[in-house]
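Q: To be precise about what I am sending: the file is called target.tsv and holds TSV, C-alpha atoms.
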chain	number	residue	atom	x	y	z
S	1	MET	CA	21.86	-60.91	-48.62
S	2	SER	CA	23.33	-62.88	-45.76
S	3	TYR	CA	26.53	-64.76	-44.98
S	4	GLU	CA	27.36	-67.83	-42.94
S	5	LEU	CA	29.45	-67.34	-39.79
S	6	THR	CA	31.07	-70.34	-38.15
S	7	ILE	CA	32.12	-69.81	-34.55
S	8	GLU	CA	34.93	-71.95	-33.19
S	9	PRO	CA	35.50	-73.81	-30.90
S	10	LEU	CA	31.72	-74.35	-30.84
S	11	GLY	CA	31.65	-75.43	-34.47
S	12	GLN	CA	28.28	-73.69	-34.75
S	13	THR	CA	27.23	-71.86	-37.93
S	14	ILE	CA	24.75	-68.97	-37.94
S	15	GLU	CA	23.31	-66.59	-40.53
S	16	VAL	CA	24.54	-62.98	-40.50
S	17	GLU	CA	22.56	-60.37	-42.42
S	18	ASP	CA	24.32	-57.87	-44.64
S	19	GLY	CA	25.35	-54.94	-42.42
S	20	GLN	CA	24.74	-56.85	-39.17
S	21	THR	CA	27.63	-57.11	-36.71
S	22	ILE	CA	29.07	-60.43	-35.61
S	23	LEU	CA	28.13	-59.66	-32.00
S	24	ASP	CA	24.48	-58.86	-32.77
S	25	ALA	CA	24.07	-61.97	-34.90
S	26	ALA	CA	25.62	-64.19	-32.23
S	27	LEU	CA	23.51	-62.79	-29.40
S	28	ARG	CA	20.33	-63.18	-31.46
S	29	ALA	CA	21.29	-66.81	-32.04
S	30	GLY	CA	21.68	-67.37	-28.29
S	31	ILE	CA	25.48	-67.48	-28.45
S	32	TYR	CA	27.24	-65.29	-25.92
S	33	LEU	CA	30.46	-63.61	-27.04
S	34	PRO	CA	32.32	-61.62	-24.35
S	35	HIS	CA	31.67	-57.89	-24.78
S	36	ALA	CA	31.26	-54.70	-22.76
S	37	CYS	CA	31.13	-51.24	-24.34
S	38	CYS	CA	29.62	-52.19	-27.74
S	39	HIS	CA	31.27	-49.08	-29.21
S	40	GLY	CA	34.55	-50.55	-30.45
S	41	LEU	CA	36.54	-48.97	-27.64
S	42	CYS	CA	37.17	-51.52	-24.89
S	43	ALA	CA	38.45	-54.55	-26.89
S	44	THR	CA	36.53	-57.03	-24.74
S	45	CYS	CA	34.90	-58.58	-27.83
S	46	LYS	CA	38.13	-59.20	-29.77
S	47	VAL	CA	38.02	-62.37	-31.89
S	48	GLN	CA	40.31	-64.09	-34.39
S	49	VAL	CA	39.24	-64.32	-38.04
S	50	LEU	CA	40.37	-67.70	-39.37
S	51	ASP	CA	38.85	-67.43	-42.83
S	52	GLY	CA	36.77	-64.96	-44.83
S	53	GLU	CA	36.57	-61.25	-45.68
S	54	ILE	CA	35.39	-58.72	-43.13
S	55	ASP	CA	35.02	-54.96	-42.58
S	56	HIS	CA	36.37	-53.76	-39.20
S	57	GLY	CA	33.79	-50.95	-39.05
S	58	GLU	CA	34.35	-48.21	-36.48
S	59	ALA	CA	36.76	-50.14	-34.27
S	60	SER	CA	39.10	-47.80	-32.40
S	61	THR	CA	42.74	-47.94	-33.47
S	62	PHE	CA	43.60	-48.18	-29.78
S	63	ALA	CA	41.30	-51.14	-29.10
S	64	LEU	CA	42.28	-52.84	-32.37
S	65	MET	CA	45.79	-51.88	-33.41
S	66	ASP	CA	47.13	-52.08	-36.96
S	67	PHE	CA	49.32	-55.11	-36.26
S	68	GLU	CA	46.30	-56.93	-34.76
S	69	ARG	CA	44.28	-56.25	-37.88
S	70	GLU	CA	47.13	-57.69	-39.92
S	71	GLU	CA	47.08	-60.77	-37.67
S	72	GLY	CA	43.39	-61.29	-38.45
S	73	LYS	CA	41.86	-60.00	-35.24
S	74	THR	CA	38.69	-57.92	-35.17
S	75	LEU	CA	36.10	-56.54	-32.74
S	76	ALA	CA	32.81	-58.45	-32.87
S	77	CYS	CA	30.75	-55.39	-31.91
S	78	CYS	CA	31.89	-53.47	-35.03
S	79	CYS	CA	32.86	-56.17	-37.53
S	80	ARG	CA	30.61	-56.84	-40.53
S	81	LEU	CA	31.00	-59.75	-42.92
S	82	GLU	CA	31.81	-59.45	-46.62
S	83	SER	CA	31.85	-63.23	-47.24
S	84	ASP	CA	31.21	-66.49	-45.42
S	85	THR	CA	33.56	-66.34	-42.44
S	86	VAL	CA	35.07	-68.48	-39.69
S	87	ILE	CA	36.12	-66.92	-36.37
S	88	GLU	CA	37.59	-68.20	-33.14
S	89	ALA	CA	36.35	-66.71	-29.88
S	90	GLU	CA	36.88	-67.29	-26.19
S	91	ILE	CA	33.63	-68.95	-25.18
S	92	GLU	CA	33.19	-69.35	-21.44
S	93	GLU	CA	30.81	-72.07	-20.29
S	94	ASP	CA	28.59	-70.93	-17.43
S	95	PRO	CA	26.27	-73.50	-15.83
S	96	ASP	CA	23.94	-70.71	-14.68
S	97	SER	CA	23.52	-69.08	-18.10
S	98	ARG	CA	20.39	-69.93	-20.05
S	99	ASN	CA	21.86	-68.42	-23.26
S	100	LEU	CA	18.57	-66.77	-24.21
S	101	PRO	CA	18.49	-65.29	-27.73
S	102	VAL	CA	18.08	-61.53	-28.10
S	103	GLN	CA	14.77	-60.54	-29.74
S	104	ASP	CA	13.00	-57.32	-30.75
S	105	TYR	CA	9.90	-56.09	-28.92
S	106	THR	CA	7.45	-53.21	-28.96
S	107	GLY	CA	6.33	-51.89	-25.59
S	108	GLU	CA	3.48	-49.55	-24.72
S	109	VAL	CA	4.03	-47.23	-21.76
S	110	VAL	CA	1.32	-48.11	-19.23
S	111	ARG	CA	2.67	-46.30	-16.16
S	112	ILE	CA	5.18	-43.58	-15.27
S	113	GLU	CA	6.08	-42.75	-11.67
S	114	ALA	CA	8.58	-40.37	-10.08
S	115	LEU	CA	10.47	-42.71	-7.76
S	116	THR	CA	12.88	-39.96	-6.61
S	117	PRO	CA	13.57	-36.39	-7.78
S	118	THR	CA	16.02	-37.81	-10.35
S	119	ILE	CA	14.76	-41.37	-11.06
S	120	ARG	CA	11.60	-42.31	-12.95
S	121	GLY	CA	9.94	-45.68	-13.01
S	122	ILE	CA	8.67	-46.60	-16.47
S	123	TRP	CA	6.44	-49.64	-17.04
S	124	LEU	CA	6.08	-51.06	-20.56
S	125	LYS	CA	3.55	-53.66	-21.68
S	126	LEU	CA	5.30	-55.74	-24.34
S	127	ASP	CA	3.74	-57.25	-27.43
S	128	ARG	CA	4.65	-60.64	-25.91
S	129	PRO	CA	6.35	-61.79	-22.69
S	130	MET	CA	10.15	-61.55	-22.54
S	131	ASP	CA	12.05	-64.52	-21.17
S	132	PHE	CA	15.09	-63.27	-19.24
S	133	GLN	CA	17.30	-63.94	-16.25
S	134	ALA	CA	17.03	-61.55	-13.32
S	135	GLY	CA	19.89	-59.05	-13.62
S	136	GLN	CA	19.85	-58.79	-17.42
S	137	TYR	CA	19.11	-55.59	-19.36
S	138	ILE	CA	17.43	-54.31	-22.52
S	139	ASN	CA	18.37	-51.74	-25.16
S	140	LEU	CA	15.66	-49.10	-25.55
S	141	GLU	CA	15.20	-46.94	-28.66
S	142	VAL	CA	13.90	-43.37	-28.38
S	143	PRO	CA	11.76	-41.95	-31.23
S	144	GLY	CA	13.42	-39.19	-33.23
S	145	ILE	CA	16.87	-39.82	-31.76
S	146	GLU	CA	18.35	-42.11	-34.38
S	147	GLY	CA	21.13	-44.41	-33.23
S	148	GLN	CA	20.58	-43.40	-29.62
S	149	SER	CA	19.45	-46.63	-27.99
S	150	ARG	CA	20.35	-46.96	-24.33
S	151	ALA	CA	20.83	-49.90	-21.99
S	152	PHE	CA	18.54	-50.15	-18.95
S	153	SER	CA	18.46	-52.95	-16.39
S	154	LEU	CA	15.17	-54.76	-15.93
S	155	ALA	CA	13.84	-53.92	-12.45
S	156	ASN	CA	10.99	-56.46	-12.49
S	157	SER	CA	11.28	-60.17	-11.81
S	158	PRO	CA	11.07	-62.72	-14.65
S	159	GLN	CA	7.69	-63.76	-13.22
S	160	SER	CA	6.13	-60.40	-14.24
S	161	GLY	CA	4.66	-61.61	-17.53
S	162	ASP	CA	4.53	-59.12	-20.38
S	163	VAL	CA	5.16	-55.94	-18.33
S	164	VAL	CA	8.72	-54.76	-17.74
S	165	GLU	CA	9.92	-52.04	-15.36
S	166	LEU	CA	12.79	-49.64	-15.99
S	167	ASN	CA	14.28	-47.24	-13.42
S	168	VAL	CA	15.74	-44.31	-15.37
S	169	ARG	CA	17.99	-41.74	-13.73
S	170	ILE	CA	18.19	-38.44	-15.58
S	171	VAL	CA	21.73	-37.66	-16.71
S	172	PRO	CA	22.47	-33.91	-16.93
S	173	GLY	CA	22.80	-33.13	-20.64
S	174	GLY	CA	21.81	-36.68	-21.56
S	175	GLN	CA	19.62	-36.56	-24.66
S	176	VAL	CA	17.87	-39.89	-24.12
S	177	THR	CA	17.28	-39.74	-20.35
S	178	THR	CA	16.12	-36.12	-20.61
S	179	TRP	CA	13.55	-37.12	-23.25
S	180	LEU	CA	12.37	-40.05	-21.13
S	181	HIS	CA	11.92	-37.76	-18.12
S	182	GLU	CA	10.42	-34.73	-19.84
S	183	ASN	CA	8.61	-35.96	-22.95
S	184	LEU	CA	7.55	-39.59	-22.49
S	185	GLU	CA	3.82	-40.09	-21.93
S	186	VAL	CA	1.57	-43.00	-21.06
S	187	GLY	CA	0.39	-44.64	-24.27
S	188	GLU	CA	3.66	-44.04	-26.15
S	189	LYS	CA	5.04	-47.08	-27.96
S	190	LEU	CA	8.77	-47.77	-27.84
S	191	LYS	CA	10.99	-50.34	-29.53
S	192	LEU	CA	13.44	-52.37	-27.50
S	193	SER	CA	15.57	-55.49	-27.73
S	194	GLY	CA	16.79	-57.99	-25.18
S	195	PRO	CA	17.67	-59.70	-23.00
S	196	TYR	CA	21.35	-58.78	-22.81
S	197	GLY	CA	24.14	-59.39	-20.32
S	198	ARG	CA	25.78	-62.02	-18.14
S	199	PHE	CA	24.89	-60.40	-14.84
S	200	PHE	CA	22.72	-62.95	-13.04
S	201	VAL	CA	22.79	-64.90	-9.79
S	202	LYS	CA	25.04	-67.95	-9.69
S	203	LYS	CA	22.30	-70.11	-8.24
S	204	SER	CA	24.25	-73.35	-8.69
S	205	ALA	CA	26.78	-72.17	-6.07
S	206	ASN	CA	24.00	-72.26	-3.43
S	207	LEU	CA	25.80	-69.74	-1.19
S	208	PRO	CA	24.63	-66.76	0.90
S	209	LEU	CA	24.34	-63.57	-1.16
S	210	VAL	CA	25.16	-59.92	-0.59
S	211	PHE	CA	23.83	-57.25	-2.94
S	212	MET	CA	25.46	-53.79	-2.85
S	213	ALA	CA	23.71	-51.06	-4.82
S	214	GLY	CA	23.61	-47.30	-5.19
S	215	GLY	CA	21.29	-44.92	-7.05
S	216	SER	CA	19.33	-46.46	-9.93
S	217	GLY	CA	21.69	-49.44	-9.61
S	218	LEU	CA	18.92	-50.88	-7.44
S	219	SER	CA	17.17	-52.20	-10.58
S	220	SER	CA	19.09	-55.47	-10.98
S	221	PRO	CA	19.20	-56.43	-7.26
S	222	LYS	CA	15.46	-55.73	-7.04
S	223	SER	CA	14.83	-58.11	-9.94
S	224	MET	CA	17.21	-60.74	-8.53
S	225	ILE	CA	15.82	-60.64	-4.99
S	226	GLU	CA	12.19	-60.80	-6.13
S	227	ASP	CA	13.07	-63.74	-8.40
S	228	LEU	CA	14.94	-65.63	-5.67
S	229	LEU	CA	12.18	-65.16	-3.12
S	230	ALA	CA	9.55	-66.27	-5.64
S	231	GLU	CA	11.56	-69.44	-6.29
S	232	GLY	CA	11.95	-70.21	-2.58
S	233	PHE	CA	15.73	-69.63	-2.36
S	234	ASP	CA	16.55	-70.34	1.30
S	235	LYS	CA	20.13	-69.10	1.75
S	236	PRO	CA	20.70	-65.78	3.56
S	237	MET	CA	20.43	-62.69	1.32
S	238	THR	CA	21.44	-59.16	2.29
S	239	LEU	CA	20.76	-55.97	0.34
S	240	VAL	CA	22.91	-52.96	1.26
S	241	TYR	CA	21.47	-49.98	-0.63
S	242	GLY	CA	22.82	-46.44	-0.55
S	243	GLN	CA	21.44	-43.04	-1.47
S	244	ARG	CA	22.24	-39.49	-0.41
S	245	SER	CA	19.03	-38.62	1.43
S	246	ARG	CA	15.60	-39.93	2.44
S	247	GLU	CA	13.84	-38.43	-0.59
S	248	GLU	CA	16.15	-40.41	-2.90
S	249	LEU	CA	15.68	-43.74	-1.11
S	250	TYR	CA	13.10	-45.51	-3.22
S	251	TYR	CA	11.36	-48.87	-2.66
S	252	ASP	CA	12.39	-48.54	0.98
S	253	ALA	CA	8.99	-49.59	2.37
S	254	GLU	CA	8.78	-52.53	-0.04
S	255	PHE	CA	12.17	-53.92	0.99
S	256	ARG	CA	11.37	-53.45	4.68
S	257	ALA	CA	8.18	-55.46	4.11
S	258	LEU	CA	10.11	-58.24	2.35
S	259	ALA	CA	12.57	-58.39	5.24
S	260	GLU	CA	9.65	-58.74	7.68
S	261	LYS	CA	8.10	-61.51	5.60
S	262	HIS	CA	11.22	-63.53	4.73
S	263	ALA	CA	13.56	-64.62	7.52
S	264	ASN	CA	16.46	-65.15	5.10
S	265	PHE	CA	16.33	-61.61	3.66
S	266	THR	CA	18.01	-58.63	5.37
S	267	TYR	CA	17.74	-55.04	4.18
S	268	VAL	CA	20.37	-52.42	5.12
S	269	PRO	CA	19.64	-48.92	3.75
S	270	ALA	CA	22.37	-46.29	4.13
S	271	LEU	CA	22.29	-42.52	3.59
S	272	SER	CA	25.47	-40.57	2.91
S	273	SER	CA	24.16	-36.98	3.10
S	274	GLU	CA	21.06	-37.13	5.27
S	275	PRO	CA	20.93	-33.92	7.41
S	276	GLU	CA	22.06	-34.36	10.99
S	277	GLY	CA	19.17	-34.11	13.39
S	278	SER	CA	16.65	-35.82	11.10
S	279	ASP	CA	14.66	-38.79	12.39
S	280	TRP	CA	16.70	-41.25	10.27
S	281	THR	CA	17.79	-44.13	12.50
S	282	GLY	CA	19.40	-46.31	9.84
S	283	ALA	CA	23.02	-46.49	8.70
S	284	ARG	CA	24.81	-43.31	7.70
S	285	GLY	CA	27.65	-43.24	5.21
S	286	PHE	CA	28.41	-44.97	1.93
S	287	VAL	CA	27.38	-48.46	0.80
S	288	HIS	CA	30.79	-50.03	1.39
S	289	GLU	CA	30.95	-48.55	4.89
S	290	ALA	CA	27.49	-49.84	5.80
S	291	ALA	CA	28.32	-53.30	4.42
S	292	LYS	CA	31.62	-53.42	6.30
S	293	ALA	CA	29.89	-52.55	9.57
S	294	HIS	CA	26.99	-54.98	9.02
S	295	PHE	CA	29.27	-57.94	8.20
S	296	ASN	CA	31.96	-56.94	10.69
S	297	ASN	CA	34.42	-56.81	7.78
S	298	ASP	CA	34.10	-60.54	7.04
S	299	PHE	CA	32.44	-61.49	3.74
S	300	ARG	CA	33.78	-65.02	3.50
S	301	GLY	CA	31.40	-67.66	2.14
S	302	HIS	CA	29.29	-65.20	0.11
S	303	LYS	CA	28.65	-64.31	-3.51
S	304	ALA	CA	28.56	-60.52	-4.01
S	305	TYR	CA	26.68	-58.60	-6.70
S	306	LEU	CA	27.49	-54.91	-7.22
S	307	CYS	CA	25.42	-52.30	-9.07
S	308	GLY	CA	25.97	-48.56	-9.09
S	309	PRO	CA	28.25	-45.70	-10.15
S	310	PRO	CA	31.94	-46.43	-10.79
S	311	ALA	CA	33.18	-44.82	-7.57
S	312	MET	CA	30.82	-46.99	-5.52
S	313	ILE	CA	31.89	-50.13	-7.37
S	314	GLU	CA	35.57	-49.34	-6.73
S	315	ALA	CA	35.00	-48.79	-3.01
S	316	CYS	CA	32.89	-51.95	-2.67
S	317	ILE	CA	35.45	-54.14	-4.44
S	318	SER	CA	38.18	-52.87	-2.14
S	319	THR	CA	36.03	-53.45	0.97
S	320	LEU	CA	35.00	-56.95	-0.10
S	321	MET	CA	38.59	-57.95	-0.77
S	322	GLN	CA	39.72	-56.55	2.56
S	323	GLY	CA	36.92	-58.65	4.07
S	324	ARG	CA	38.39	-61.82	2.49
S	325	LEU	CA	36.11	-62.13	-0.52
S	326	PHE	CA	37.94	-62.37	-3.80
S	327	GLU	CA	37.49	-62.02	-7.54
S	328	ARG	CA	35.84	-65.36	-8.24
S	329	ASP	CA	32.94	-64.45	-5.93
S	330	ILE	CA	32.36	-60.81	-6.96
S	331	TYR	CA	30.11	-59.90	-9.90
S	332	MET	CA	28.91	-56.63	-11.40
S	333	GLU	CA	27.09	-55.21	-14.37
S	334	LYS	CA	29.48	-54.86	-17.29
S	335	PHE	CA	27.69	-52.55	-19.70
S	336	PHE	CA	28.78	-48.93	-19.89
S	337	SER	CA	28.53	-45.94	-22.21
S	338	ALA	CA	30.88	-44.87	-24.97
S	339	ALA	CA	32.08	-42.07	-22.69
S	340	ASP	CA	32.82	-44.54	-19.93
S	341	ALA	CA	34.61	-46.85	-22.31
S	342	SER	CA	36.78	-44.05	-23.65
S	343	GLN	CA	37.81	-43.23	-20.09
S	344	GLN	CA	38.48	-46.93	-19.45
S	345	LEU	CA	36.54	-47.06	-16.21
S	346	LYS	CA	37.94	-50.36	-14.96
S	347	SER	CA	39.06	-51.24	-11.50
S	348	PRO	CA	42.82	-51.64	-11.04
S	349	LEU	CA	41.93	-54.27	-8.44
S	350	PHE	CA	39.89	-56.34	-10.80
S	351	LYS	CA	41.33	-57.73	-14.01
S	352	ASN	CA	38.11	-59.01	-15.58
S	353	ILE	CA	35.63	-56.16	-15.20
What would you get if you wrote out this structure as structure tokens?
A:
Amino acid sequence: MSYELTIEPLGQTIEVEDGQTILDAALRAGIYLPHACCHGLCATCKVQVLDGEIDHGEASTFALMDFEREEGKTLACCCRLESDTVIEAEIEEDPDSRNLPVQDYTGEVVRIEALTPTIRGIWLKLDRPMDFQAGQYINLEVPGIEGQSRAFSLANSPQSGDVVELNVRIVPGGQVTTWLHENLEVGEKLKLSGPYGRFFVKKSANLPLVFMAGGSGLSSPKSMIEDLLAEGFDKPMTLVYGQRSREELYYDAEFRALAEKHANFTYVPALSSEPEGSDWTGARGFVHEAAKAHFNNDFRGHKAYLCGPPAMIEACISTLMQGRLFERDIYMEKFFSAADASQQLKSPLFKNI
């Protein structure tokens, strides 16, 4: 059984399978609805039901209050249809978005590599190539852990054909990341879906770029930079990447080689806890500190892309704004876990994270 969903103001009608959420159906039809947590907790995907019968699902009573339900509002990530339905959503036009439909894939693990003591590189050969924009992510399912799919940024460029790369940091106590680190073997087949997300380079702006990343947050900038260089992007690009110590700084040699080869690419690695007296001659301190020093606290005329843990993101936003770069030119990954969503990890400086 399926129902028809009409999405206003687009006036577009799509099929929604019984039990499928509005958000999943829209994304698979190549229609982007604003969303973030996908757990019914953050309210980013709130839409207005104009006509039809729906089930609110597991929407939090804090994200979707009783009076809002009475007014016909619902959360697209939880809502399931019980009849043909018409909704109204805030659809933002983005000239750089390709609006690629989400699809299902099967990937065979062809390579596993310890990139750092806590981050593993996993390479999957898909049953067919995935078309995506650099910076987007996939949802990966783990066998035997029902309902435990996890979002991972694609670390490879879109030119990589049918092989995708994931950089997975082990989370203490994390069921999925622990399994991927301790049990996954070459030859294993995994199910995944994608591409997801609106985190991609605003190429139409044609401005210099600064990427600020920490930990396994390097995945998206790596994909973006490789894609831009492959396409011949000629504006200045700077990657400021932070880790605690040398053993955790991965792809360092590769980025140094790219900086040697491409005059418009600059690489600034920074270590926050490297032992004094070591032979490290690069920047010391956190990502935002290294970026501030490199740009002399003046980020005007750039587009900035941030990837990393919440504390790093907060510090980078503050530094960029102090350096005269403002909200319209700062972008970051917007997916986060149910735990993050419940803690409402959003910057007080940034209204649209």
Q: Env of Glu53 (chain S): 10 Å cut, atoms = only C-alpha atoms, seq-sep filter 3 positions within chain, self excluded. Answer as a PyMOL selection string.
A: chain S and resi 49-50+56+72+80-86
Q: May I have the residues from that selection written out with C-alpha atoms, as a tab-separated table (two decimals), in the coordinates of the input?
A:
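Just written: selection13.tsv:
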chain	number	residue	atom	x	y	z
S	49	VAL	CA	39.24	-64.32	-38.04
S	50	LEU	CA	40.37	-67.70	-39.37
S	56	HIS	CA	36.37	-53.76	-39.20
S	72	GLY	CA	43.39	-61.29	-38.45
S	80	ARG	CA	30.61	-56.84	-40.53
S	81	LEU	CA	31.00	-59.75	-42.92
S	82	GLU	CA	31.81	-59.45	-46.62
S	83	SER	CA	31.85	-63.23	-47.24
S	84	ASP	CA	31.21	-66.49	-45.42
S	85	THR	CA	33.56	-66.34	-42.44
S	86	VAL	CA	35.07	-68.48	-39.69
Q: Name the residues, using the chain letters and numbers of the file, that sit within 12 Å of (11.9, -60.6, 4.2) when counting all atoms listed in the file, and give them as number ranges by chain.
A: S: 225-226, 228-230, 232-234, 236-239, 253-268
Q: Rounded to one decimal in Å, what is the spacing between CA of Gly282 (chain S) and CA of Pro172 (chain S)?
A: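 Taking CA of Gly282 (chain S) as the start and CA of Pro172 (chain S) as the end point, the length is 29.7 Å.
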Q: Hey, which of S:Ala29, S:Leu209, S:Cys45, S:Ala36 ends up closest to Lys235 (chain S)? Count only C-alpha atoms.
A: S:Leu209
Q: Between CA of Ser318 (chain S) and CA of Cys42 (chain S), what is the distance in Å, rounded to a tenth?
A: 22.8 Å
Q: Work out how far apart CA of Asn183 (chain S) and CA of Ser219 (chain S) are and give it in Å to one decimal.
A: 22.1 Å
Q: Nearest to Asp227 (chain S): which of S:Leu207, S:Ala270, S:Gly135, S:Arg284 is it, counting only C-alpha atoms?
A: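 Using only C-alpha atoms, Asp227 (chain S) sits closest to S:Gly135.
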Q: Given the choices S:Thr319, S:Thr13, S:Gln136, S:Ser60, which gets closest to Arg98 (chain S) if the distance is worked out from only C-alpha atoms?
A: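 Nearest to Arg98 (chain S): S:Gln136.
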Q: Of the candidates S:Asp104, S:Glu88, S:Glu165, S:Glu58, which one gets nearest to Ser223 (chain S) if we count all atoms listed in the file?
A: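 Using all atoms listed in the file, Ser223 (chain S) sits closest to S:Glu165.
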Q: Between S:Phe295, S:Phe152, S:Tyr196, S:Trp179, single out the one closest to Asp131 (chain S), counting only C-alpha atoms.
A: S:Tyr196
Q: So, counting all atoms listed in the file, which residue among S:Gln20, S:Thr116, S:Ser220, S:Asn206 is closest to Ser153 (chain S)?
A: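 Nearest candidate to Ser153 (chain S) out of S:Gln20, S:Thr116, S:Ser220, S:Asn206: S:Ser220.
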Q: Pick out the residues sitting within 7 Å of region 322-331 of chain S, and hand them over as JSON, numbers by chain; count all atoms listed in the file, and ignore anything fewer than 3 positions along from it in its own chain.
A: {"S": [297, 298, 299, 300, 303, 304, 305, 306, 318, 319, 350]}
Q: Work out where the centre of an axis-aligned box around every listed atom of region 248-265 of chain S lies and how long its edges are once 5 Å is added on each side; give both in Å to one decimal as AutoDock Vina command-line options.
A:
--center_x 12.3 --center_y -52.8 --center_z 2.2 --size_x 18.4 --size_y 34.7 --size_z 20.9
Q: Give as a list in words every residue, naming chains and numbers as the document does, that has an atom within 10 Å of (31.6, -72.4, -25.5), counting only C-alpha atoms.
A: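 Protein, DNA and RNA residues close to (31.6, -72.4, -25.5): Ile7, Glu8, Pro9, Leu10, Gly11, Gln12, Ile31, Tyr32, Leu33, Ala89, Glu90, Ile91, Glu92, Glu93 and Asp94 of chain S.
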